[in-house]
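Let me begin by presenting the structure, written as structure tokens, before commenting on it.
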Amino acid sequence: VKEIRQTFTIQFDYKVLFTESVFAPNNKVFENLFSGQENVSVGFVIDSEVDKLHPELEGQIKNYIDSRPHVFSKYASPVVIPGGEHCKNDPWILELVLEYIEQEKLDKHAYLIAIGGGAVLDLAGYAAAIAHRGLNHVRIPTTVLSQNDSGVGVKNGVNYFGKKNFLGTFAPPHAVINDIRFLDTLPNRESIAGMSEAVKVALLKDPKFFYWIEENASKLYQREEKALSKLIYDCAVLHVNHIGKNGDPFEKGSSRPLDFGHWSAHKLEQLTHFSIKHGEAVAIGLALDCLYSTKTGILDKTECDRILSTLESLGFELFHEQLLGQDAASVNPNLLEGLNEFQEHLGGQLTIMLINKIGSGIETHDMNPEIINECVMDLKSRATNEF
Ligand SMILES: NC(=O)c1ccc[n+]([C@@H]2O[C@H](COP(=O)([O-])OP(=O)(O)OC[C@H]3O[C@@H](n4cnc5c(N)ncnc54)[C@H](O)[C@@H]3O)[C@@H](O)[C@H]2O)c1
Ligand SMILES: [Zn+2]
């Protein structure tokens with residue numbers, strides 16, 4: 001047998017930087033991303049809500065670039081795309097960004113800078129990954145969720161065939177810049193929704209971080225800036241370390257620890273036609289899987305209570321009527337379908353993350369529908385104060 005074999009390794013390296021007012025004339029954070037380079041071409045994709053609520057932004061970006069001719073030789077005026085999940089559902093919006101790259105002649109060496117919520121970043125990141133087989137990409141996340149979780153990772157994607165993230169790639173960004181000032185315009189609901197991923201990662205990896213969240217829940221709910229910045233920073237650190245150090249940055253295995261609470265969350269998002277936000281669904285999913293952990297004897301009940309109360313203090317509701325079937329007396333059979341879909345999405349054996357104590361995850365390959373039913377009924381009782 002003739003055989004040719006080759007092996008190669010590619011090193012990835014990117015920074016997540018924290019700043020305020022990234023395009024203020026004297027802020028060097030953005031410029032420094034290109035240190036040592038000249039003739040840099042940049043194009044910008046901006047979330048429509050961010051563009052609307054920060055009317056000075058486009059002008060600031062242009063001035064910033066124009067005043068640094070020693071670095072930038074080409075500036076393509078921004079393309080503004082609708083923010084929110086809708087952009088990932090509509091293939092024409094992906095087309096619009098690809099067209100922008102083509103018409104503005106942004107080549108492989110150019111940088112596509114995306115400014116927006118997780119949905120816009122996912123779409124722009126995907127466009128950047130597939131155009132010319134990949135041009136450079138910088139993310140500037142503008143929601144709590146994207147600053148602490150989705151924007152700092154290595155994935156992108158859009159929804160296709162009605163399925164979330166059906167198309168997508170693993171493509172580490174050139175850099176990520178978290179600018180706290182963007183959060184000033186974020187609606188309360190979005191700010192709250194962004195915090196469940198921090199609770200999740202704390203529960204899996206860092207008990208101290210969880211206790212800090214528990215202690216500061218009301219400050220976080222009120223969006224006190226110092227507390228919110230710490231939550232975002234600590235969550236981003238745990239997230240980025242997980243990607244770099246868990247040995248599976250491109251998720252080749254069937255286990256995905258950071259998907260704790262997500263099997264039901266993804267399904268619930270779908271069952272509510274996305275009327276609840278990802279982060280809100282994740283809070284319910286975490287509550288469900290914590291109760292499940294307790295009912296199967298692996299998590300202490302007092303710890304479970306602390307987790308549920310903390311989520312509530314952060315502003316989350318832990319019940320949604322779509323958790324119930326039509327009889328309103330037992331779990332929605334469609335919710336249970338979420339287990340199969342979750343397995344299908346990851347491939348291989350069903351692997352669900354539970355926790356055995358605050359700060360420590362444990363995997364199971366078998367979820368009992370009757371116990372899930374009990375958990376759902378508990379959440380219902382809790383919501384109607386029957387406890
Ligand atoms: N790539 C990943 O690893 C990863 C991980 C988790 C989630 N995600 C994806 O992230 C998306 C959710 O992201 P999200 O929670 O940021 O929500 P989002 O992108 O849907 O944004 C929520 C809303 O806030 C608006 N908005 C954005 N920034 C704003 C600001 N500063 N002020 C006012 N309004 C603003 C948006 O226009 C939108 O209407 C989902 O599509 C999810 O699948 C991706
Ligand atoms: Zn999530």
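Following the order of the structure tokens, first chain is A, next is B, and so on, with residues numbered from 1 inside each chain and ligands from 1 in the order they appear.
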
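Proximal residues of ligand 1 are Asp47, Ser48, Glu49, Val50, Gly83, Gly84, Glu85, Gly116, Gly117, Gly118, Ala119, Val120, Asp122, Thr142, Thr143, Leu145, Ser146, Ser150, Gly153, Lys155, Asn156, Phe182, Leu183, Thr185 and Leu186 of chain A, by a cut-off of 6 Å on only C-alpha atoms and all ligand atoms.
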
Expected file: the selected residues, C-alpha atoms, as a PDB file, in the first residue's frame:
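Final file, selection.pdb:
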```pdb
ATOM      1  CA  ASP A  47     -25.380  45.491  15.058  1.00  0.00           C
ATOM      2  CA  SER A  48     -28.344  47.741  14.174  1.00  0.00           C
ATOM      3  CA  GLU A  49     -29.308  48.346  17.815  1.00  0.00           C
ATOM      4  CA  VAL A  50     -25.772  49.363  18.695  1.00  0.00           C
ATOM      5  CA  GLY A  83     -29.215  42.648  15.582  1.00  0.00           C
ATOM      6  CA  GLY A  84     -30.629  39.640  17.408  1.00  0.00           C
ATOM      7  CA  GLU A  85     -31.239  36.015  16.491  1.00  0.00           C
ATOM      8  CA  GLY A 116     -22.584  43.742  18.347  1.00  0.00           C
ATOM      9  CA  GLY A 117     -24.405  41.084  20.318  1.00  0.00           C
ATOM     10  CA  GLY A 118     -23.598  37.379  20.108  1.00  0.00           C
ATOM     11  CA  ALA A 119     -25.849  36.840  17.106  1.00  0.00           C
ATOM     12  CA  VAL A 120     -24.178  39.494  14.952  1.00  0.00           C
ATOM     13  CA  ASP A 122     -21.646  34.672  15.187  1.00  0.00           C
ATOM     14  CA  THR A 142     -21.679  44.588  23.128  1.00  0.00           C
ATOM     15  CA  THR A 143     -23.877  42.448  25.398  1.00  0.00           C
ATOM     16  CA  LEU A 145     -23.502  37.405  27.249  1.00  0.00           C
ATOM     17  CA  SER A 146     -21.189  38.054  24.338  1.00  0.00           C
ATOM     18  CA  SER A 150     -19.992  33.782  23.200  1.00  0.00           C
ATOM     19  CA  GLY A 153     -14.599  31.811  22.240  1.00  0.00           C
ATOM     20  CA  LYS A 155     -16.959  29.357  17.376  1.00  0.00           C
ATOM     21  CA  ASN A 156     -19.211  31.115  14.913  1.00  0.00           C
ATOM     22  CA  PHE A 182     -21.438  49.533  25.159  1.00  0.00           C
ATOM     23  CA  LEU A 183     -23.363  47.915  28.005  1.00  0.00           C
ATOM     24  CA  THR A 185     -27.526  51.006  26.456  1.00  0.00           C
ATOM     25  CA  LEU A 186     -28.332  47.349  26.999  1.00  0.00           C
TER      26      LEU A 186
END
```

List as a PDB file with N, CA and C atoms, in the first residue's frame the protein and nucleic acid residues lying within 12 Å of ligand 2, with only C-alpha atoms and all ligand atoms counted.
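Below is the file pocket_33.pdb, written as the result:
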```pdb
ATOM      1  N   GLY A 118     -24.103  38.691  20.499  1.00  0.00           N
ATOM      2  CA  GLY A 118     -23.598  37.379  20.108  1.00  0.00           C
ATOM      3  C   GLY A 118     -24.081  36.935  18.745  1.00  0.00           C
ATOM      4  N   LEU A 145     -23.749  38.782  27.670  1.00  0.00           N
ATOM      5  CA  LEU A 145     -23.502  37.405  27.249  1.00  0.00           C
ATOM      6  C   LEU A 145     -22.321  37.289  26.283  1.00  0.00           C
ATOM      7  N   SER A 146     -22.268  38.182  25.320  1.00  0.00           N
ATOM      8  CA  SER A 146     -21.189  38.054  24.338  1.00  0.00           C
ATOM      9  C   SER A 146     -19.843  38.486  24.929  1.00  0.00           C
ATOM     10  N   ASN A 148     -18.925  37.939  28.076  1.00  0.00           N
ATOM     11  CA  ASN A 148     -18.389  36.962  29.033  1.00  0.00           C
ATOM     12  C   ASN A 148     -18.345  35.550  28.477  1.00  0.00           C
ATOM     13  N   ASP A 149     -18.970  35.334  27.331  1.00  0.00           N
ATOM     14  CA  ASP A 149     -19.100  33.953  26.872  1.00  0.00           C
ATOM     15  C   ASP A 149     -18.949  33.842  25.349  1.00  0.00           C
ATOM     16  N   SER A 150     -20.008  34.150  24.615  1.00  0.00           N
ATOM     17  CA  SER A 150     -19.992  33.782  23.200  1.00  0.00           C
ATOM     18  C   SER A 150     -18.916  34.513  22.402  1.00  0.00           C
ATOM     19  N   GLY A 151     -18.664  35.776  22.752  1.00  0.00           N
ATOM     20  CA  GLY A 151     -17.727  36.556  21.950  1.00  0.00           C
ATOM     21  C   GLY A 151     -16.266  36.236  22.196  1.00  0.00           C
ATOM     22  N   GLY A 153     -14.964  33.171  22.618  1.00  0.00           N
ATOM     23  CA  GLY A 153     -14.599  31.811  22.240  1.00  0.00           C
ATOM     24  C   GLY A 153     -14.136  31.685  20.795  1.00  0.00           C
ATOM     25  N   LYS A 164     -30.446  25.500  14.926  1.00  0.00           N
ATOM     26  CA  LYS A 164     -29.502  26.480  15.453  1.00  0.00           C
ATOM     27  C   LYS A 164     -28.061  26.088  15.142  1.00  0.00           C
ATOM     28  N   ALA A 193     -30.114  38.321  31.345  1.00  0.00           N
ATOM     29  CA  ALA A 193     -29.968  37.084  30.573  1.00  0.00           C
ATOM     30  C   ALA A 193     -28.503  36.694  30.385  1.00  0.00           C
ATOM     31  N   GLY A 194     -27.628  37.698  30.339  1.00  0.00           N
ATOM     32  CA  GLY A 194     -26.216  37.416  30.098  1.00  0.00           C
ATOM     33  C   GLY A 194     -25.500  36.784  31.282  1.00  0.00           C
ATOM     34  N   MET A 195     -26.153  36.758  32.437  1.00  0.00           N
ATOM     35  CA  MET A 195     -25.424  36.297  33.624  1.00  0.00           C
ATOM     36  C   MET A 195     -25.536  34.800  33.911  1.00  0.00           C
ATOM     37  N   SER A 196     -26.466  34.108  33.240  1.00  0.00           N
ATOM     38  CA  SER A 196     -26.614  32.686  33.585  1.00  0.00           C
ATOM     39  C   SER A 196     -25.407  31.860  33.148  1.00  0.00           C
ATOM     40  N   GLU A 197     -24.741  32.276  32.075  1.00  0.00           N
ATOM     41  CA  GLU A 197     -23.557  31.511  31.635  1.00  0.00           C
ATOM     42  C   GLU A 197     -22.434  31.653  32.670  1.00  0.00           C
ATOM     43  N   ALA A 198     -22.417  32.785  33.357  1.00  0.00           N
ATOM     44  CA  ALA A 198     -21.395  32.962  34.402  1.00  0.00           C
ATOM     45  C   ALA A 198     -21.689  32.039  35.578  1.00  0.00           C
ATOM     46  N   VAL A 199     -22.979  31.931  35.943  1.00  0.00           N
ATOM     47  CA  VAL A 199     -23.353  31.006  37.017  1.00  0.00           C
ATOM     48  C   VAL A 199     -22.957  29.588  36.593  1.00  0.00           C
ATOM     49  N   LYS A 200     -23.248  29.262  35.349  1.00  0.00           N
ATOM     50  CA  LYS A 200     -22.943  27.928  34.835  1.00  0.00           C
ATOM     51  C   LYS A 200     -21.471  27.584  34.981  1.00  0.00           C
ATOM     52  N   VAL A 201     -20.629  28.463  34.487  1.00  0.00           N
ATOM     53  CA  VAL A 201     -19.196  28.142  34.473  1.00  0.00           C
ATOM     54  C   VAL A 201     -18.648  28.151  35.906  1.00  0.00           C
ATOM     55  N   HIS A 239     -13.803  30.839  30.786  1.00  0.00           N
ATOM     56  CA  HIS A 239     -14.196  30.387  29.469  1.00  0.00           C
ATOM     57  C   HIS A 239     -12.981  30.179  28.558  1.00  0.00           C
ATOM     58  N   ARG A 256     -19.297  17.877  26.172  1.00  0.00           N
ATOM     59  CA  ARG A 256     -19.116  19.313  26.072  1.00  0.00           C
ATOM     60  C   ARG A 256     -19.490  19.928  27.414  1.00  0.00           C
ATOM     61  N   PRO A 257     -18.520  19.970  28.305  1.00  0.00           N
ATOM     62  CA  PRO A 257     -18.811  20.366  29.681  1.00  0.00           C
ATOM     63  C   PRO A 257     -19.545  21.702  29.784  1.00  0.00           C
ATOM     64  N   LEU A 258     -19.195  22.633  28.914  1.00  0.00           N
ATOM     65  CA  LEU A 258     -19.808  23.956  29.045  1.00  0.00           C
ATOM     66  C   LEU A 258     -21.268  23.955  28.602  1.00  0.00           C
ATOM     67  N   ASP A 259     -21.743  22.814  28.148  1.00  0.00           N
ATOM     68  CA  ASP A 259     -23.158  22.732  27.805  1.00  0.00           C
ATOM     69  C   ASP A 259     -24.013  22.275  28.984  1.00  0.00           C
ATOM     70  N   PHE A 260     -23.502  22.401  30.174  1.00  0.00           N
ATOM     71  CA  PHE A 260     -24.288  22.148  31.379  1.00  0.00           C
ATOM     72  C   PHE A 260     -25.572  23.000  31.308  1.00  0.00           C
ATOM     73  N   GLY A 261     -26.709  22.350  31.554  1.00  0.00           N
ATOM     74  CA  GLY A 261     -27.985  23.083  31.538  1.00  0.00           C
ATOM     75  C   GLY A 261     -28.530  23.357  30.150  1.00  0.00           C
ATOM     76  N   HIS A 262     -27.794  22.936  29.119  1.00  0.00           N
ATOM     77  CA  HIS A 262     -28.175  23.365  27.771  1.00  0.00           C
ATOM     78  C   HIS A 262     -29.081  22.404  27.000  1.00  0.00           C
ATOM     79  N   TRP A 263     -29.147  21.139  27.417  1.00  0.00           N
ATOM     80  CA  TRP A 263     -29.985  20.233  26.606  1.00  0.00           C
ATOM     81  C   TRP A 263     -31.432  20.719  26.624  1.00  0.00           C
ATOM     82  N   SER A 264     -31.912  21.115  27.802  1.00  0.00           N
ATOM     83  CA  SER A 264     -33.298  21.590  27.876  1.00  0.00           C
ATOM     84  C   SER A 264     -33.387  23.049  27.425  1.00  0.00           C
ATOM     85  N   ALA A 265     -32.325  23.804  27.660  1.00  0.00           N
ATOM     86  CA  ALA A 265     -32.365  25.224  27.288  1.00  0.00           C
ATOM     87  C   ALA A 265     -32.562  25.396  25.786  1.00  0.00           C
ATOM     88  N   HIS A 266     -31.775  24.637  25.009  1.00  0.00           N
ATOM     89  CA  HIS A 266     -31.908  24.760  23.555  1.00  0.00           C
ATOM     90  C   HIS A 266     -33.329  24.405  23.118  1.00  0.00           C
ATOM     91  N   GLU A 269     -35.873  27.117  24.089  1.00  0.00           N
ATOM     92  CA  GLU A 269     -35.803  28.272  23.175  1.00  0.00           C
ATOM     93  C   GLU A 269     -36.659  27.996  21.949  1.00  0.00           C
ATOM     94  N   LYS A 277     -35.005  34.274  25.896  1.00  0.00           N
ATOM     95  CA  LYS A 277     -33.622  34.461  25.435  1.00  0.00           C
ATOM     96  C   LYS A 277     -32.794  33.254  25.837  1.00  0.00           C
ATOM     97  N   HIS A 278     -31.708  33.067  25.131  1.00  0.00           N
ATOM     98  CA  HIS A 278     -30.828  31.940  25.424  1.00  0.00           C
ATOM     99  C   HIS A 278     -30.448  31.909  26.912  1.00  0.00           C
ATOM    100  N   GLY A 279     -30.024  33.049  27.418  1.00  0.00           N
ATOM    101  CA  GLY A 279     -29.582  33.103  28.817  1.00  0.00           C
ATOM    102  C   GLY A 279     -30.708  32.795  29.794  1.00  0.00           C
ATOM    103  N   GLU A 280     -31.924  33.204  29.455  1.00  0.00           N
ATOM    104  CA  GLU A 280     -33.075  32.902  30.321  1.00  0.00           C
ATOM    105  C   GLU A 280     -33.358  31.409  30.305  1.00  0.00           C
ATOM    106  N   ALA A 281     -33.253  30.814  29.112  1.00  0.00           N
ATOM    107  CA  ALA A 281     -33.476  29.373  28.991  1.00  0.00           C
ATOM    108  C   ALA A 281     -32.375  28.600  29.725  1.00  0.00           C
ATOM    109  N   VAL A 282     -31.162  29.132  29.672  1.00  0.00           N
ATOM    110  CA  VAL A 282     -30.051  28.455  30.360  1.00  0.00           C
ATOM    111  C   VAL A 282     -30.281  28.469  31.873  1.00  0.00           C
ATOM    112  N   ALA A 283     -30.812  29.570  32.410  1.00  0.00           N
ATOM    113  CA  ALA A 283     -31.076  29.625  33.858  1.00  0.00           C
ATOM    114  C   ALA A 283     -32.062  28.521  34.242  1.00  0.00           C
ATOM    115  N   ILE A 284     -33.106  28.349  33.424  1.00  0.00           N
ATOM    116  CA  ILE A 284     -34.080  27.283  33.703  1.00  0.00           C
ATOM    117  C   ILE A 284     -33.417  25.911  33.554  1.00  0.00           C
ATOM    118  N   GLY A 285     -32.619  25.773  32.515  1.00  0.00           N
ATOM    119  CA  GLY A 285     -31.916  24.507  32.276  1.00  0.00           C
ATOM    120  C   GLY A 285     -30.977  24.150  33.420  1.00  0.00           C
ATOM    121  N   LEU A 286     -30.301  25.156  33.965  1.00  0.00           N
ATOM    122  CA  LEU A 286     -29.398  24.908  35.101  1.00  0.00           C
ATOM    123  C   LEU A 286     -30.211  24.457  36.311  1.00  0.00           C
TER     124      LEU A 286
END
```

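Proximity to Ser309 in chain A was assessed for A:Asn356, A:Gly247, A:Glu214, A:Asn340 counting only C-alpha atoms; the smallest distance is recorded for A:Glu214.
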
Between CA of Val144 in chain A and CA of Asp206 in chain A lies a distance of 19.4 Å

To one decimal in Å, tell me the separation between CA of Phe274 in chain A and CA of Pro78 in chain A.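 Atom-to-atom, CA of Phe274 in chain A and CA of Pro78 in chain A are spaced 28.2 Å apart.
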
Which polymer residues have any atom within 12 Å of an atom of Cys304 in chain A, counting only C-alpha atoms, with same-chain residues fewer than 5 positions away left out, as a ChimeraX atom specification? /A:203,286-295,297-299,309-311,354-358,375

Residue subset to file, keeping C-alpha atoms, as a JSON list (two decimals), in the first residue's frame:
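Here's the written file again26.json:
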```
[["chain", "number", "residue", "atom", "x", "y", "z"],
["A", 203, "LEU", "CA", -20.83, 25.91, 39.13],
["A", 286, "LEU", "CA", -29.40, 24.91, 35.10],
["A", 287, "ALA", "CA", -32.17, 24.83, 37.70],
["A", 288, "LEU", "CA", -33.58, 21.68, 36.10],
["A", 289, "ASP", "CA", -30.25, 19.87, 35.98],
["A", 290, "CYS", "CA", -29.34, 20.93, 39.53],
["A", 291, "LEU", "CA", -32.65, 19.54, 40.80],
["A", 292, "TYR", "CA", -31.96, 16.40, 38.78],
["A", 293, "SER", "CA", -28.52, 16.14, 40.36],
["A", 294, "THR", "CA", -30.14, 16.37, 43.80],
["A", 295, "LYS", "CA", -32.92, 13.91, 43.07],
["A", 297, "GLY", "CA", -28.46, 11.73, 45.03],
["A", 298, "ILE", "CA", -25.33, 13.37, 43.70],
["A", 299, "LEU", "CA", -25.85, 16.98, 44.84],
["A", 309, "SER", "CA", -32.09, 31.19, 44.97],
["A", 310, "THR", "CA", -29.03, 32.85, 43.46],
["A", 311, "LEU", "CA", -30.49, 32.56, 39.97],
["A", 354, "LEU", "CA", -24.53, 17.42, 36.08],
["A", 355, "ILE", "CA", -22.87, 18.71, 39.24],
["A", 356, "ASN", "CA", -21.94, 16.83, 42.39],
["A", 357, "LYS", "CA", -21.13, 19.97, 44.33],
["A", 358, "ILE", "CA", -20.82, 23.68, 43.70],
["A", 375, "CYS", "CA", -37.89, 18.35, 38.50]]
```

Write out as a tab-separated table a residue-level contact list of range 121-154 of chain A versus range 96-107 of chain A with cut-off 8 Å: for each qualifying residue the closest pair of atoms and the distance in Å to one decimal, counting only C-alpha atoms, rows sorted by chain and residue number upward.
```
residue	atom	partner	partner_atom	distance
A:Ala124	CA	A:Val97	CA	7.1
A:Ala127	CA	A:Leu98	CA	6.0
A:Ala131	CA	A:Leu98	CA	6.7
A:His132	CA	A:Asp107	CA	7.1
A:Leu135	CA	A:Asp107	CA	6.8
```

Would you return as a PyMOL selection string the members of range 212-291 of chain A that DSSP assigns to helix (DSSP H, G or I) on this structure's backbone? chain A and resi 212-215+217-221+225-245+257-259+262-271+278-291

Could you please determine the separation between CA of Arg189 in chain A and CA of Leu220 in chain A in Å, to one decimal place? 12.4 Å

Counting only C-alpha atoms, figure out which residue out of A:Asn89, A:Leu94, A:Lys380, A:Asn188 gets nearest to Glu224 in chain A.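 Ranking A:Asn89, A:Leu94, A:Lys380, A:Asn188 by distance to Glu224 in chain A, first place goes to A:Asn188.
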
Looking at only C-alpha atoms, which of A:Ile371, A:Cys235, A:Leu379, A:Leu123 is the one that sits closest to Ile213 in chain A?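 Of A:Ile371, A:Cys235, A:Leu379, A:Leu123, the one nearest Ile213 in chain A, counting only C-alpha atoms, is A:Cys235.
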
Which neighbours of Thr272 in chain A fall inside 10 Å, counting only C-alpha atoms, when residues of the same chain fewer than 5 positions from it are skipped, and could you give them as a list in words?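 Listed by chain and then number, they are Lys267, Lys277, Ala281, His320, Glu321, Gln322 and Leu323 of chain A.
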
Write a file of the just-selected residues containing N, CA and C atoms, as a PDB file, in the first residue's frame.
```pdb
ATOM      1  N   LYS A 267     -33.864  23.342  23.711  1.00  0.00           N
ATOM      2  CA  LYS A 267     -35.203  22.890  23.318  1.00  0.00           C
ATOM      3  C   LYS A 267     -36.251  23.918  23.730  1.00  0.00           C
ATOM      4  N   LYS A 277     -35.005  34.274  25.896  1.00  0.00           N
ATOM      5  CA  LYS A 277     -33.622  34.461  25.435  1.00  0.00           C
ATOM      6  C   LYS A 277     -32.794  33.254  25.837  1.00  0.00           C
ATOM      7  N   ALA A 281     -33.253  30.814  29.112  1.00  0.00           N
ATOM      8  CA  ALA A 281     -33.476  29.373  28.991  1.00  0.00           C
ATOM      9  C   ALA A 281     -32.375  28.600  29.725  1.00  0.00           C
ATOM     10  N   HIS A 320     -41.155  28.024  32.978  1.00  0.00           N
ATOM     11  CA  HIS A 320     -41.860  28.524  31.793  1.00  0.00           C
ATOM     12  C   HIS A 320     -42.934  27.500  31.462  1.00  0.00           C
ATOM     13  N   GLU A 321     -44.110  27.966  31.043  1.00  0.00           N
ATOM     14  CA  GLU A 321     -45.203  27.009  30.841  1.00  0.00           C
ATOM     15  C   GLU A 321     -44.899  25.973  29.765  1.00  0.00           C
ATOM     16  N   GLN A 322     -43.979  26.284  28.860  1.00  0.00           N
ATOM     17  CA  GLN A 322     -43.618  25.296  27.836  1.00  0.00           C
ATOM     18  C   GLN A 322     -42.864  24.095  28.410  1.00  0.00           C
ATOM     19  N   LEU A 323     -42.505  24.164  29.679  1.00  0.00           N
ATOM     20  CA  LEU A 323     -41.895  22.985  30.309  1.00  0.00           C
ATOM     21  C   LEU A 323     -42.945  21.880  30.487  1.00  0.00           C
TER      22      LEU A 323
END
```

Show which residues sit within 10 Å of Leu324 in chain A, as a PyMOL selection string. Count only C-alpha atoms, and ignore same-chain residues fewer than 3 positions away. chain A and resi 319-321+327-335+373+376-377+380

Near-range 55-65 of chain A list (8 Å; only C-alpha atoms; drop same-chain fewer than 2 positions) as a ChimeraX atom specification: /A:23-25,51-53,67-69,72,75,77-78

Using the selection just defined, write its residues with all heavy atoms as a CSV table (one decimal), in the first residue's frame.
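In the end it all went to result_15.csv:
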```csv
chain,number,residue,atom,x,y,z
A,23,PHE,N,-13.1,53.5,20.7
A,23,PHE,CA,-12.7,54.3,19.5
A,23,PHE,C,-12.6,55.8,19.9
A,23,PHE,O,-12.6,56.7,19.1
A,23,PHE,CB,-13.7,54.1,18.4
A,23,PHE,CG,-13.7,52.8,17.8
A,23,PHE,CD1,-14.7,51.8,18.0
A,23,PHE,CD2,-12.5,52.4,17.1
A,23,PHE,CE1,-14.6,50.6,17.5
A,23,PHE,CE2,-12.5,51.1,16.5
A,23,PHE,CZ,-13.5,50.2,16.7
A,24,ALA,N,-12.4,56.1,21.2
A,24,ALA,CA,-12.0,57.4,21.6
A,24,ALA,C,-10.7,57.8,21.0
A,24,ALA,O,-9.8,56.9,20.9
A,24,ALA,CB,-12.0,57.5,23.1
A,25,PRO,N,-10.5,59.1,20.6
A,25,PRO,CA,-9.3,59.4,19.8
A,25,PRO,C,-8.0,58.9,20.4
A,25,PRO,O,-7.1,58.4,19.7
A,25,PRO,CB,-9.3,60.9,19.8
A,25,PRO,CG,-10.7,61.3,20.0
A,25,PRO,CD,-11.3,60.2,20.9
A,51,ASP,N,-25.8,50.5,16.6
A,51,ASP,CA,-25.7,51.6,15.7
A,51,ASP,C,-26.7,52.7,16.0
A,51,ASP,O,-26.4,53.9,16.1
A,51,ASP,CB,-25.9,51.1,14.2
A,51,ASP,CG,-25.4,52.2,13.2
A,51,ASP,OD1,-24.2,52.5,13.2
A,51,ASP,OD2,-26.3,52.7,12.5
A,52,LYS,N,-27.9,52.3,16.3
A,52,LYS,CA,-29.0,53.2,16.6
A,52,LYS,C,-28.7,53.9,18.0
A,52,LYS,O,-28.9,55.1,18.1
A,52,LYS,CB,-30.3,52.5,16.7
A,52,LYS,CG,-31.5,53.4,16.8
A,52,LYS,CD,-32.8,52.6,16.8
A,52,LYS,CE,-33.1,52.1,18.2
A,52,LYS,NZ,-34.2,51.1,18.2
A,53,LEU,N,-28.3,53.1,19.0
A,53,LEU,CA,-28.2,53.7,20.3
A,53,LEU,C,-26.9,54.3,20.6
A,53,LEU,O,-26.7,55.0,21.6
A,53,LEU,CB,-28.5,52.6,21.4
A,53,LEU,CG,-29.9,52.0,21.3
A,53,LEU,CD1,-30.0,50.7,22.1
A,53,LEU,CD2,-30.9,53.0,21.7
A,67,SER,N,-7.2,59.1,11.4
A,67,SER,CA,-6.1,59.8,12.1
A,67,SER,C,-4.9,58.8,12.3
A,67,SER,O,-3.9,59.2,13.0
A,67,SER,CB,-6.6,60.3,13.4
A,67,SER,OG,-7.0,59.2,14.2
A,68,ARG,N,-4.9,57.7,11.7
A,68,ARG,CA,-3.8,56.8,11.9
A,68,ARG,C,-3.3,56.2,10.5
A,68,ARG,O,-3.3,55.0,10.3
A,68,ARG,CB,-4.1,55.6,12.8
A,68,ARG,CG,-4.2,56.1,14.3
A,68,ARG,CD,-5.0,55.1,15.1
A,68,ARG,NE,-4.9,55.4,16.5
A,68,ARG,CZ,-5.7,56.3,17.1
A,68,ARG,NH1,-6.7,57.0,16.4
A,68,ARG,NH2,-5.6,56.6,18.4
A,69,PRO,N,-3.0,57.1,9.6
A,69,PRO,CA,-2.7,56.6,8.2
A,69,PRO,C,-1.4,55.7,8.2
A,69,PRO,O,-1.2,55.0,7.3
A,69,PRO,CB,-2.4,57.9,7.5
A,69,PRO,CG,-2.2,59.0,8.5
A,69,PRO,CD,-2.9,58.5,9.7
A,72,PHE,N,-3.4,52.3,9.0
A,72,PHE,CA,-4.5,51.8,8.1
A,72,PHE,C,-4.4,52.5,6.7
A,72,PHE,O,-4.3,53.7,6.6
A,72,PHE,CB,-5.8,52.2,8.8
A,72,PHE,CG,-6.0,51.6,10.1
A,72,PHE,CD1,-5.8,52.4,11.3
A,72,PHE,CD2,-6.3,50.3,10.3
A,72,PHE,CE1,-6.0,51.9,12.5
A,72,PHE,CE2,-6.4,49.7,11.6
A,72,PHE,CZ,-6.3,50.5,12.7
A,75,TYR,N,-10.2,51.8,4.6
A,75,TYR,CA,-11.3,51.8,5.5
A,75,TYR,C,-12.6,51.6,4.7
A,75,TYR,O,-12.9,52.5,3.9
A,75,TYR,CB,-11.3,53.1,6.3
A,75,TYR,CG,-12.6,53.4,7.0
A,75,TYR,CD1,-13.0,52.7,8.1
A,75,TYR,CD2,-13.5,54.4,6.5
A,75,TYR,CE1,-14.2,53.0,8.7
A,75,TYR,CE2,-14.7,54.6,7.0
A,75,TYR,CZ,-15.1,53.9,8.2
A,75,TYR,OH,-16.2,54.2,8.8
A,77,SER,N,-16.5,51.7,4.8
A,77,SER,CA,-17.5,52.2,5.8
A,77,SER,C,-18.4,51.1,6.2
A,77,SER,O,-18.7,50.2,5.4
A,77,SER,CB,-18.3,53.4,5.3
A,77,SER,OG,-18.4,53.5,4.0
A,78,PRO,N,-18.9,51.1,7.5
A,78,PRO,CA,-19.5,49.9,8.0
A,78,PRO,C,-20.8,49.5,7.3
A,78,PRO,O,-21.5,50.3,6.8
A,78,PRO,CB,-19.9,50.4,9.5
A,78,PRO,CG,-19.0,51.6,9.7
A,78,PRO,CD,-18.7,52.2,8.4
```
